[in-house]
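Quick look at coords.cif (mmCIF, C-alpha atoms and all ligand atoms):
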```cif
data_work
loop_
_atom_site.label_atom_id
_atom_site.label_comp_id
_atom_site.auth_asym_id
_atom_site.auth_seq_id
_atom_site.Cartn_x
_atom_site.Cartn_y
_atom_site.Cartn_z
CA MET A 1 180.89 113.89 119.22
CA THR A 2 177.21 113.18 119.39
CA SER A 3 176.27 109.51 119.48
CA ARG A 4 173.79 108.38 116.85
CA LYS A 5 171.25 105.98 118.27
CA LYS A 6 169.74 103.62 115.75
CA CYS A 7 165.96 103.77 115.44
CA LYS A 8 164.25 100.45 116.01
CA ALA A 9 160.83 99.09 115.12
CA PRO A 10 158.35 99.99 117.89
CA ARG A 11 157.82 97.39 120.60
CA GLY A 12 155.33 94.75 119.57
CA THR A 13 155.65 95.37 115.84
CA HIS A 14 157.50 93.27 113.30
CA ASP A 15 158.90 93.60 109.82
CA ILE A 16 157.79 91.01 107.31
CA PHE A 17 160.27 89.90 104.66
CA GLY A 18 161.62 86.84 102.85
CA MET A 19 159.46 83.72 103.03
CA LYS A 20 157.05 85.40 105.46
CA ALA A 21 156.29 88.22 103.04
CA PHE A 22 155.71 85.65 100.29
CA GLY A 23 153.44 83.68 102.62
CA MET A 24 151.48 86.77 103.59
CA SER A 25 150.80 87.68 99.95
CA LEU A 26 149.92 84.11 99.10
CA MET A 27 147.46 84.01 101.99
CA GLU A 28 145.74 87.17 100.77
CA LEU A 29 145.61 85.75 97.26
CA LYS A 30 144.06 82.47 98.44
CA ALA A 31 141.58 84.37 100.57
CA LYS A 32 140.45 86.45 97.59
CA GLU A 33 140.04 83.33 95.45
CA ILE A 34 137.96 81.52 98.05
CA PHE A 35 135.87 84.54 99.05
CA ARG A 36 135.06 85.36 95.43
CA ARG A 37 133.85 81.83 94.84
CA PHE A 38 131.30 82.33 97.60
CA GLY A 39 130.30 85.74 96.24
CA PHE A 40 132.10 87.98 98.72
CA GLU A 41 133.28 91.43 97.61
CA GLU A 42 136.35 93.22 98.87
CA ILE A 43 136.12 96.35 100.98
CA ARG A 44 138.96 98.49 102.33
CA THR A 45 138.45 100.88 105.21
CA PRO A 46 140.89 103.36 106.81
CA ILE A 47 143.20 102.09 109.53
CA PHE A 48 141.91 104.76 111.88
CA GLU A 49 138.36 105.69 112.78
CA GLU A 50 136.61 107.92 115.30
CA SER A 51 137.26 106.16 118.59
CA CYS A 52 133.57 106.25 119.53
CA LEU A 53 132.87 103.72 116.77
CA PHE A 54 134.74 101.00 118.64
CA MET A 55 133.37 101.98 122.03
CA ARG A 56 129.83 101.61 120.74
CA SER A 57 130.42 98.39 118.82
CA ILE A 58 132.99 96.34 120.69
CA GLY A 59 131.61 97.46 124.03
CA GLN A 60 132.86 99.60 126.90
CA SER A 61 133.53 96.60 129.12
CA SER A 62 135.63 94.67 126.62
CA ASP A 63 139.37 94.33 127.18
CA ILE A 64 139.97 96.01 123.85
CA VAL A 65 138.19 99.24 124.71
CA GLU A 66 139.26 99.22 128.34
CA LYS A 67 142.99 98.92 127.81
CA GLU A 68 144.13 97.87 124.36
CA MET A 69 143.13 100.63 121.95
CA TYR A 70 145.58 103.05 120.41
CA ILE A 71 143.69 106.29 120.92
CA PHE A 72 145.03 109.66 119.88
CA GLU A 73 143.90 113.17 119.09
CA ASP A 74 144.71 114.70 115.75
CA ARG A 75 145.77 118.33 115.31
CA LYS A 76 142.17 119.51 115.46
CA GLY A 77 141.49 117.59 118.65
CA ARG A 78 139.38 114.83 117.06
CA LYS A 79 139.47 111.61 119.07
CA LEU A 80 140.66 108.82 116.79
CA ALA A 81 141.65 105.19 117.25
CA LEU A 82 143.77 102.79 115.22
CA ARG A 83 141.38 100.00 114.33
CA PRO A 84 141.61 97.07 116.77
CA GLU A 85 139.50 94.80 114.54
CA GLY A 86 137.78 94.90 111.16
CA THR A 87 134.06 94.41 111.64
CA ALA A 88 133.01 97.71 113.20
CA ALA A 89 134.69 99.81 110.51
CA LEU A 90 133.22 97.62 107.78
CA VAL A 91 129.71 98.07 109.16
CA ARG A 92 130.31 101.81 109.50
CA ALA A 93 131.32 101.96 105.82
CA LEU A 94 128.31 99.94 104.66
CA ILE A 95 125.92 102.26 106.47
CA GLU A 96 127.73 105.39 105.31
CA HIS A 97 127.65 104.39 101.63
CA LYS A 98 124.17 102.86 101.83
CA LEU A 99 125.55 99.65 100.36
CA ASP A 100 123.06 96.86 99.84
CA ILE A 101 123.46 94.53 102.76
CA SER A 102 120.48 92.36 102.10
CA ASN A 103 120.90 88.71 101.27
CA PRO A 104 122.37 87.48 98.96
CA SER A 105 124.49 90.46 97.99
CA GLY A 106 125.53 91.46 101.50
CA LYS A 107 128.83 89.62 101.46
CA PHE A 108 132.10 91.44 102.09
CA PHE A 109 135.68 90.61 102.97
CA TYR A 110 138.70 92.60 104.12
CA SER A 111 142.34 92.14 104.98
CA GLY A 112 144.81 94.43 106.64
CA GLU A 113 146.60 95.54 109.74
CA MET A 114 144.95 95.88 113.15
CA PHE A 115 146.34 97.46 116.31
CA ARG A 116 146.09 96.49 119.96
CA TYR A 117 148.19 97.63 122.85
CA GLU A 118 148.91 94.24 124.41
CA ARG A 119 151.90 92.77 126.13
CA PRO A 120 153.90 91.36 123.23
CA GLN A 121 154.35 87.62 123.45
CA PHE A 122 154.77 84.72 121.08
CA GLY A 123 152.37 85.08 118.16
CA ARG A 124 150.91 88.30 119.55
CA TYR A 125 151.82 91.70 118.17
CA ARG A 126 150.68 95.28 118.64
CA GLN A 127 150.33 95.62 114.88
CA PHE A 128 149.06 92.41 113.37
CA TYR A 129 147.22 91.31 110.25
CA GLN A 130 143.76 89.92 109.91
CA ILE A 131 141.67 88.58 107.07
CA GLY A 132 137.93 88.48 107.59
CA ALA A 133 134.57 88.04 105.92
CA GLU A 134 131.09 89.22 106.89
CA PHE A 135 127.74 87.94 105.64
CA PHE A 136 124.82 90.37 106.07
CA GLY A 137 121.08 90.06 105.69
CA ASN A 138 120.78 86.34 106.32
CA SER A 139 119.65 85.13 109.73
CA SER A 140 119.65 81.47 108.72
CA PRO A 141 122.00 79.09 110.56
CA ALA A 142 123.17 78.11 107.06
CA ALA A 143 124.91 81.50 106.87
CA ASP A 144 126.74 80.68 110.12
CA VAL A 145 127.90 77.41 108.63
CA GLU A 146 128.94 79.04 105.35
CA ILE A 147 131.18 81.41 107.31
CA ILE A 148 132.70 78.53 109.27
CA VAL A 149 133.34 76.61 106.03
CA LEU A 150 134.92 79.69 104.48
CA ALA A 151 137.32 80.05 107.41
CA GLN A 152 138.27 76.38 107.37
CA ASP A 153 138.69 76.26 103.59
CA LEU A 154 141.01 79.23 103.77
CA LEU A 155 143.13 77.51 106.41
CA ALA A 156 143.14 74.30 104.37
CA SER A 157 144.23 76.17 101.22
CA LEU A 158 147.40 77.08 103.14
CA GLY A 159 148.03 73.52 104.27
CA VAL A 160 146.63 74.11 107.77
CA THR A 161 144.36 71.13 108.24
CA GLU A 162 145.22 70.05 111.79
CA VAL A 163 142.46 72.12 113.34
CA LYS A 164 139.62 71.77 115.77
CA LEU A 165 136.34 73.66 115.53
CA HIS A 166 134.79 74.88 118.80
CA ILE A 167 131.23 76.21 118.76
CA ASN A 168 128.82 77.72 121.27
CA SER A 169 125.62 79.76 121.31
CA LEU A 170 125.41 82.99 123.28
CA GLY A 171 121.62 83.23 122.98
CA CYS A 172 119.63 86.33 122.11
CA GLN A 173 118.22 89.40 123.84
CA ASN A 174 115.35 87.25 125.11
CA CYS A 175 117.23 84.43 126.74
CA ARG A 176 120.60 85.92 127.62
CA PRO A 177 119.41 88.11 130.53
CA THR A 178 118.16 85.07 132.50
CA PHE A 179 121.48 83.37 131.95
CA LYS A 180 123.38 86.50 132.95
CA TYR A 181 121.37 86.65 136.14
CA ALA A 182 122.13 83.01 136.97
CA LEU A 183 125.80 83.58 136.23
CA THR A 184 126.00 86.69 138.41
CA LYS A 185 124.43 84.73 141.27
CA TYR A 186 126.92 81.92 140.74
CA PHE A 187 129.99 84.19 140.61
CA ASN A 188 128.81 86.21 143.62
CA SER A 189 129.00 82.99 145.63
CA LYS A 190 132.69 82.61 144.71
CA GLN A 191 135.49 83.95 146.91
CA ASP A 192 138.76 85.50 145.79
CA LEU A 193 137.92 86.42 142.24
CA CYS A 194 140.68 88.25 140.40
CA LYS A 195 140.56 92.04 139.96
CA ASP A 196 139.37 91.81 136.35
CA CYS A 197 136.59 89.39 137.23
CA LEU A 198 135.30 91.58 140.06
CA ARG A 199 135.15 94.53 137.72
CA ARG A 200 133.49 92.60 134.90
CA LEU A 201 130.99 90.93 137.19
CA GLU A 202 128.78 94.01 137.19
CA LYS A 203 129.12 95.01 133.57
CA ASN A 204 129.35 91.69 131.76
CA PRO A 205 129.37 88.43 133.74
CA LEU A 206 129.79 86.42 130.53
CA ARG A 207 133.35 87.65 130.31
CA LEU A 208 134.28 85.80 133.52
CA LEU A 209 133.84 82.51 131.69
CA ASP A 210 137.10 82.90 129.82
CA CYS A 211 139.17 84.29 132.72
CA LYS A 212 142.54 82.58 132.58
CA ILE A 213 143.30 83.15 136.25
CA ASP A 214 140.11 81.91 137.89
CA SER A 215 138.96 79.25 135.44
CA ASP A 216 140.00 76.38 137.75
CA LYS A 217 137.68 77.66 140.48
CA PHE A 218 134.67 77.59 138.20
CA ILE A 219 133.06 74.19 138.47
CA LYS A 220 129.40 73.43 137.91
CA ILE A 221 128.94 76.76 136.15
CA PRO A 222 125.37 77.38 134.93
CA GLN A 223 125.34 76.18 131.32
CA LEU A 224 124.24 78.81 128.84
CA LEU A 225 122.92 76.19 126.44
CA LYS A 226 120.33 75.14 129.05
CA PHE A 227 118.99 78.70 129.15
CA LEU A 228 118.52 79.13 125.40
CA CYS A 229 115.02 80.08 124.25
CA LYS A 230 113.22 77.84 121.76
CA ASP A 231 114.36 79.90 118.75
CA CYS A 232 117.99 79.95 119.82
CA GLU A 233 117.94 76.26 120.59
CA ASP A 234 116.46 75.38 117.18
CA ASN A 235 119.02 77.61 115.59
CA PHE A 236 121.94 75.99 117.33
CA ASN A 237 120.63 72.52 116.52
CA THR A 238 120.40 73.43 112.84
CA VAL A 239 123.98 74.76 112.87
CA GLN A 240 125.09 71.42 114.24
CA SER A 241 123.09 69.28 111.85
CA LEU A 242 124.39 71.29 108.87
CA LEU A 243 127.96 70.90 110.12
CA LYS A 244 127.40 67.15 110.40
CA ARG A 245 125.85 67.04 106.94
CA ILE A 246 128.93 68.52 105.33
CA GLY A 247 131.19 66.30 107.42
CA LYS A 248 132.68 68.89 109.76
CA ASN A 249 133.67 67.76 113.23
CA TYR A 250 133.10 70.18 116.06
CA LYS A 251 133.22 70.47 119.81
CA ILE A 252 130.60 72.32 121.87
CA ASP A 253 132.50 74.62 124.20
CA GLY A 254 130.26 76.20 126.84
CA ARG A 255 132.95 78.63 127.92
CA LEU A 256 133.52 80.10 124.49
CA VAL A 257 132.23 83.67 124.76
CA ARG A 258 134.69 85.71 122.63
CA GLY A 259 135.93 89.05 123.88
CA LEU A 260 133.50 91.31 122.04
CA ASP A 261 130.12 92.42 123.28
CA TYR A 262 128.31 92.37 119.97
CA TYR A 263 128.00 88.62 119.45
CA THR A 264 124.64 86.87 119.52
CA ARG A 265 123.81 83.18 119.06
CA THR A 266 126.52 81.21 117.22
CA VAL A 267 130.13 81.89 118.14
CA PHE A 268 133.06 79.75 117.05
CA GLU A 269 136.82 79.38 117.21
CA ILE A 270 139.13 77.30 115.07
CA HIS A 271 142.06 76.06 117.14
CA SER A 272 145.28 74.64 115.85
CA ASN A 273 145.42 70.98 116.70
CA ALA A 274 149.09 70.63 115.78
CA ILE A 275 151.33 69.27 118.51
CA GLY A 276 152.58 71.96 120.86
CA SER A 277 150.16 74.60 119.64
CA ARG A 278 147.27 76.16 121.54
CA ASN A 279 146.63 78.95 119.12
CA VAL A 280 143.22 80.18 118.07
CA LEU A 281 143.72 80.66 114.33
CA ALA A 282 140.34 82.04 113.36
CA ALA A 283 137.20 83.04 115.21
CA GLY A 284 133.86 84.66 114.66
CA GLY A 285 130.15 84.50 115.14
CA ARG A 286 126.78 86.09 114.66
CA TYR A 287 126.13 89.73 115.55
CA ASP A 288 122.52 90.45 114.70
CA SER A 289 122.18 93.75 116.54
CA LEU A 290 125.39 95.55 115.55
CA VAL A 291 124.22 97.12 112.28
CA LYS A 292 121.20 98.69 113.99
CA GLU A 293 123.32 99.67 116.96
CA LEU A 294 125.57 101.69 114.64
CA GLY A 295 122.65 103.47 113.02
CA GLY A 296 121.76 101.16 110.13
CA GLN A 297 118.68 99.08 109.30
CA ASP A 298 117.97 96.09 111.51
CA THR A 299 120.18 93.56 109.69
CA PRO A 300 121.34 90.13 110.82
CA ALA A 301 125.03 89.40 110.28
CA VAL A 302 127.67 86.76 110.81
CA GLY A 303 131.41 86.83 110.17
CA PHE A 304 134.89 85.70 111.08
CA ALA A 305 138.44 86.96 111.23
CA LEU A 306 141.68 85.08 110.98
CA GLY A 307 145.01 86.03 112.52
CA SER A 308 147.41 86.07 109.58
CA GLU A 309 150.65 85.75 111.59
CA ARG A 310 149.40 82.73 113.50
CA VAL A 311 148.12 81.00 110.40
CA LEU A 312 151.37 81.75 108.61
CA PHE A 313 153.28 80.16 111.47
CA GLU A 314 151.20 76.98 111.24
CA ALA A 315 151.49 76.93 107.44
CA GLU A 316 155.27 77.23 107.65
CA LYS A 317 155.44 74.49 110.27
CA SER A 318 153.42 72.14 108.09
CA GLY A 319 155.97 72.65 105.28
CA PHE A 320 153.41 74.24 103.00
CA PHE A 321 155.80 76.77 101.44
CA SER A 322 158.38 74.17 100.42
CA ILE A 323 156.29 73.37 97.34
CA PHE A 324 156.94 76.82 95.94
CA LYS A 325 160.08 77.24 93.86
CA SER A 326 161.62 80.63 93.35
CA PRO A 327 161.61 81.69 89.68
CA GLU A 328 164.50 81.03 87.29
CA LYS A 329 167.05 83.84 87.41
CA ILE A 330 168.48 85.23 84.18
CA PHE A 331 171.41 87.63 84.31
CA ILE A 332 172.16 90.07 81.48
CA ALA A 333 175.88 90.93 81.20
CA ILE A 334 177.96 93.14 78.92
CA ALA A 335 181.47 92.34 77.69
CA ASP A 336 181.72 95.81 76.19
CA GLN A 337 180.60 99.01 77.94
CA THR A 338 179.29 100.53 74.69
CA LEU A 339 176.57 97.82 74.63
CA PHE A 340 175.07 98.84 77.96
CA GLY A 341 172.11 100.63 76.37
CA GLU A 342 171.34 97.68 74.08
CA ALA A 343 171.56 95.20 76.96
CA PHE A 344 169.49 97.40 79.23
CA SER A 345 166.63 97.79 76.75
CA PHE A 346 166.80 94.04 76.05
CA ALA A 347 166.42 93.32 79.80
CA ILE A 348 163.38 95.59 80.07
CA LYS A 349 161.82 94.04 76.95
CA ARG A 350 162.40 90.53 78.29
CA ALA A 351 160.86 91.33 81.67
CA ARG A 352 157.77 92.81 79.99
CA GLU A 353 157.38 89.80 77.69
CA GLY A 354 157.63 87.55 80.72
CA LEU A 355 154.79 89.42 82.37
CA LYS A 356 152.68 89.18 79.23
CA ASN A 357 153.28 85.45 78.73
CA ASN A 358 153.16 84.74 82.44
CA THR A 359 156.52 82.95 82.33
CA ASP A 360 158.15 82.54 85.70
CA PHE A 361 161.62 84.10 85.61
CA SER A 362 163.44 87.11 87.07
CA ILE A 363 165.77 89.35 85.10
CA TYR A 364 168.93 90.82 86.67
CA GLY A 365 171.43 93.26 85.21
CA PRO A 366 173.09 94.64 83.21
CA ILE A 367 175.54 96.33 85.57
CA ASN A 368 177.23 99.41 84.20
CA ARG A 369 180.97 100.13 84.45
CA LYS A 370 181.98 96.75 85.84
CA SER A 371 184.23 94.10 84.32
CA LEU A 372 182.69 90.96 82.82
CA ARG A 373 184.47 88.98 85.55
CA PHE A 374 182.69 91.00 88.22
CA GLN A 375 179.34 90.56 86.47
CA LEU A 376 179.73 86.79 86.17
CA LYS A 377 180.69 86.59 89.85
CA PHE A 378 177.52 88.49 90.67
CA ALA A 379 175.47 86.12 88.47
CA ASN A 380 176.87 83.20 90.47
CA LYS A 381 176.14 84.93 93.74
CA ILE A 382 172.47 85.36 92.94
CA LYS A 383 172.37 81.76 91.60
CA ALA A 384 171.38 82.73 88.06
CA SER A 385 170.73 79.72 85.84
CA LYS A 386 171.98 81.47 82.74
CA THR A 387 173.76 84.65 81.75
CA ILE A 388 173.12 86.39 78.47
CA ILE A 389 176.33 88.21 77.46
CA PHE A 390 176.35 91.11 75.04
CA ALA A 391 179.75 91.11 73.30
CA LYS A 392 180.82 93.36 70.43
CA SER A 393 181.68 90.94 67.60
CA GLU A 394 178.73 88.64 68.28
CA PHE A 395 176.35 91.55 68.63
CA GLU A 396 177.41 92.91 65.20
CA ASN A 397 176.10 89.61 63.78
CA GLY A 398 172.84 89.91 65.70
CA LYS A 399 173.95 87.36 68.30
CA VAL A 400 174.63 87.09 72.02
CA LEU A 401 176.49 84.54 74.15
CA VAL A 402 174.29 82.46 76.40
CA LYS A 403 176.20 80.93 79.28
CA ASN A 404 174.75 78.05 81.24
CA MET A 405 175.90 78.83 84.78
CA LYS A 406 175.73 75.25 85.97
CA THR A 407 177.57 73.47 83.18
CA LYS A 408 179.73 76.55 82.42
CA THR A 409 179.16 75.96 78.71
CA GLN A 410 178.27 78.81 76.40
CA ALA A 411 176.72 79.14 72.97
CA GLU A 412 176.18 81.87 70.40
CA ILE A 413 172.51 82.48 69.82
CA LEU A 414 170.65 84.86 67.53
CA ILE A 415 168.90 87.55 69.56
CA THR A 416 165.77 86.93 67.51
CA ASP A 417 165.84 83.26 68.64
CA LEU A 418 165.87 84.06 72.36
ZN ZN A 501 117.23 83.27 122.54
ZN ZN A 502 139.32 86.32 136.90
#
```

Please render this file's structure as structure tokens.
Amino acid sequence: MTSRKKCKAPRGTHDIFGMKAFGMSLMELKAKEIFRRFGFEEIRTPIFEESCLFMRSIGQSSDIVEKEMYIFEDRKGRKLALRPEGTAALVRALIEHKLDISNPSGKFFYSGEMFRYERPQFGRYRQFYQIGAEFFGNSSPAADVEIIVLAQDLLASLGVTEVKLHINSLGCQNCRPTFKYALTKYFNSKQDLCKDCLRRLEKNPLRLLDCKIDSDKFIKIPQLLKFLCKDCEDNFNTVQSLLKRIGKNYKIDGRLVRGLDYYTRTVFEIHSNAIGSRNVLAAGGRYDSLVKELGGQDTPAVGFALGSERVLFEAEKSGFFSIFKSPEKIFIAIADQTLFGEAFSFAIKRAREGLKNNTDFSIYGPINRKSLRFQLKFANKIKASKTIIFAKSEFENGKVLVKNMKTKTQAEILITDL
């Protein structure tokens, strides 16, 4: 005998069902509502792209490109990659379709699955979901703040309000090189840096700032904010004054650099502030050179992405989903097998009417070739609130029996009165 091994979901992936599936849909719905109100349009891109797109945009020295991308060759030998994030593909699509990305129409949002080959751990998957928005053509700090507000409003719409906003500025092409130089000098004076840090030191010293292993060794690090040029400094000050004006609290976090190479000026993270949580729920920033880098017009841009699984976890913890009741369940039963067709078409008609009138109920049944006893047992099992029974003598008079499953009482009702 050959043994049949059961296939399992690949490591690092997860199936979404029950309350989580409901939560995921609700989150996407809320996102669409909020994004539309700010004038953002939806865009959907393929889940795989030419791998060179991500190498050019995210950067060769980023963790993602170095070790986390799912890269494969198709049957014709094309080098493809499952998308590790949403922005690069979105920009690629905008350029390809010559979409207008000038202010104020350059506003787009997306949602969908992303892929990164990481060690699976709590809240981290190899296939995960993100929702994001990108604002093109506006270099004003107000656009940065609009994106931050959007991200926070979306979290709040799901009951996630215990959050902390961290912001930083990464400077521009003019001021960042001086800072990089100072950083390289500083890190070169340090002993025993980890393997990753040593490697990154040459390519991108900024990345050492968020090293989890060496962070304790880094004291009196040169502060990027002190190296900002006049323009960048003004910009960052305006971001802060606008945040204050709309009553948003924030924390300046000099070590916030984000993992991607394309960020310029404002970067931010929204952390969960709930007890026992250290999750980054949403993050983003400005990336003024990316569009040009990928072959488009010189276009400023700012955006964010949110990790759906993490946000869902926080929303569940805060009890947000308990306010949603599942719809009333109505079961259609037959006391006589010859009425199956009548009952069946009634069930379909009812369900369609419900859709049209937007009434919140679910229709179950009828079940063919089963006793009424069996059908009523099933109605109880699914916790139906009422069962509509098609029986011969009543049906001949245009009536059905409606049984209240809680009180166990039943009444004859004209079908036309239902
Ligand atoms: Zn600058
Ligand atoms: Zn390190």

Which residues of chain A come within 12 Å of ligand ZN 502 (chain A), and for each one, what is the closest pair of atoms and their distance in Å to one decimal, counting all atoms listed in the file, sorted by chain and residue number, as a tab-separated table?
```
residue	atom	partner	partner_atom	distance
A:Phe187	CA	A:ZN502	ZN	10.3
A:Lys190	CA	A:ZN502	ZN	10.9
A:Gln191	CA	A:ZN502	ZN	11.0
A:Asp192	CA	A:ZN502	ZN	8.9
A:Leu193	CA	A:ZN502	ZN	5.5
A:Cys194	CA	A:ZN502	ZN	4.2
A:Lys195	CA	A:ZN502	ZN	6.6
A:Asp196	CA	A:ZN502	ZN	5.5
A:Cys197	CA	A:ZN502	ZN	4.1
A:Leu198	CA	A:ZN502	ZN	7.3
A:Arg199	CA	A:ZN502	ZN	9.2
A:Arg200	CA	A:ZN502	ZN	8.8
A:Leu201	CA	A:ZN502	ZN	9.5
A:Pro205	CA	A:ZN502	ZN	10.7
A:Leu206	CA	A:ZN502	ZN	11.5
A:Arg207	CA	A:ZN502	ZN	9.0
A:Leu208	CA	A:ZN502	ZN	6.1
A:Leu209	CA	A:ZN502	ZN	8.5
A:Asp210	CA	A:ZN502	ZN	8.2
A:Cys211	CA	A:ZN502	ZN	4.6
A:Lys212	CA	A:ZN502	ZN	6.6
A:Ile213	CA	A:ZN502	ZN	5.1
A:Asp214	CA	A:ZN502	ZN	4.6
A:Ser215	CA	A:ZN502	ZN	7.2
A:Asp216	CA	A:ZN502	ZN	10.0
A:Lys217	CA	A:ZN502	ZN	9.5
A:Phe218	CA	A:ZN502	ZN	10.0
```

Enumerate residues in contact with ligand ZN 501 (chain A): an atom-to-atom distance of at most 9 Å, counting all atoms listed in the file. Format the result as a VMD selection string. chain A and resid 170 to 176 227 to 233 264 to 265

Taking 3 positions as the minimum chain separation for residues in the same chain, which residues sit within 8 Å of range 304-317 of chain A when counting all atoms listed in the file? Answer as a list in words. Lys20, Gly23, Met24, Met27, Gly86, Gly123, Phe128, Tyr129, Gln130, Ile131, Gly132, Ala133, Glu134, Ile147, Ile148, Ala151, Leu155, Leu158, Gly159, Val160, Ser272, Asn279, Leu281, Ala282, Ala283, Gly284, Gly285, Phe320 and Phe321 of chain A

Go through A:Ala347, A:Leu339, A:Ile388, A:Met114 and flag the residue nearest Asn368 in chain A, using only C-alpha atoms for the distances.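 Smallest distance to Asn368 in chain A is found for A:Leu339.
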
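The interatomic distance for the pair CA of Glu49 in chain A and CA of Pro300 in chain A works out to 23.1 Å.
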
Proximity to Ser189 in chain A - best of A:Pro84, A:Phe236, A:Ile221, A:Phe122, all atoms listed in the file: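 Closest candidate: A:Ile221.
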
I'd like to know which of A:Asn103, A:Gly247, A:Pro177, A:Phe54 is closest to Val149 in chain A, using only C-alpha atoms. A:Gly247

Of A:Lys403, A:Lys292, A:Arg116, A:Lys356, the one nearest to Asp63 in chain A when counting only C-alpha atoms is A:Arg116

Quick one, how far is CA of Ser111 in chain A from CA of Ala93 in chain A?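 Computed distance, CA of Ser111 in chain A to CA of Ala93 in chain A, equals 14.8 Å.
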
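Closest approach to Phe135 in chain A among A:Leu150, A:Ile64, A:Val257, A:Cys52 is made by A:Leu150 (distances from all atoms listed in the file).
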
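One distance worth recording is that between CA of Gly341 in chain A and CA of Gln410 in chain A, which is 22.7 Å.
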
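Proximity to Glu118 in chain A was assessed for A:Glu68, A:Glu28, A:Asp360, A:Glu33 counting only C-alpha atoms; the smallest distance is recorded for A:Glu68.
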
What's around Ala81 in chain A at 6 Å? Count all atoms listed in the file, leave out sequence neighbours fewer than 6 positions away in its own chain, and write the answer as a ChimeraX atom specification. /A:48-49,51,70-71

Need the shell around Ser140 in chain A: protein/DNA/RNA residues with any atom at most 10 Å away, counting all atoms listed in the file. Skip same-chain ones fewer than 6 positions apart. Format as a ChimeraX atom specification? /A:235,238-239,300-302

Tell me, as a list in words, which residues lie within 10 Å of Gly254 in chain A, counting only C-alpha atoms; anything in the same chain fewer than 5 positions away does not count.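 Once the nearby chain positions are removed, what remains is His166, Ile167, Asn168, Ser169, Leu170, Leu209, Ile221, Pro222, Gln223, Leu224 and Leu225 of chain A.
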
At most 7 Å from (174.9, 81.7, 66.3), file frame, only C-alpha atoms: which residues, as a compact mmCIF listing (two decimals) with C-alpha atoms, in the frame of the given file?
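Dumped everything to out_19.txt:
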```
# COMPACT_ATOMS: atom_id res chain seq x y z
CA LYS A 399 173.95 87.36 68.30
CA GLU A 412 176.18 81.87 70.40
CA ILE A 413 172.51 82.48 69.82
CA LEU A 414 170.65 84.86 67.53
```
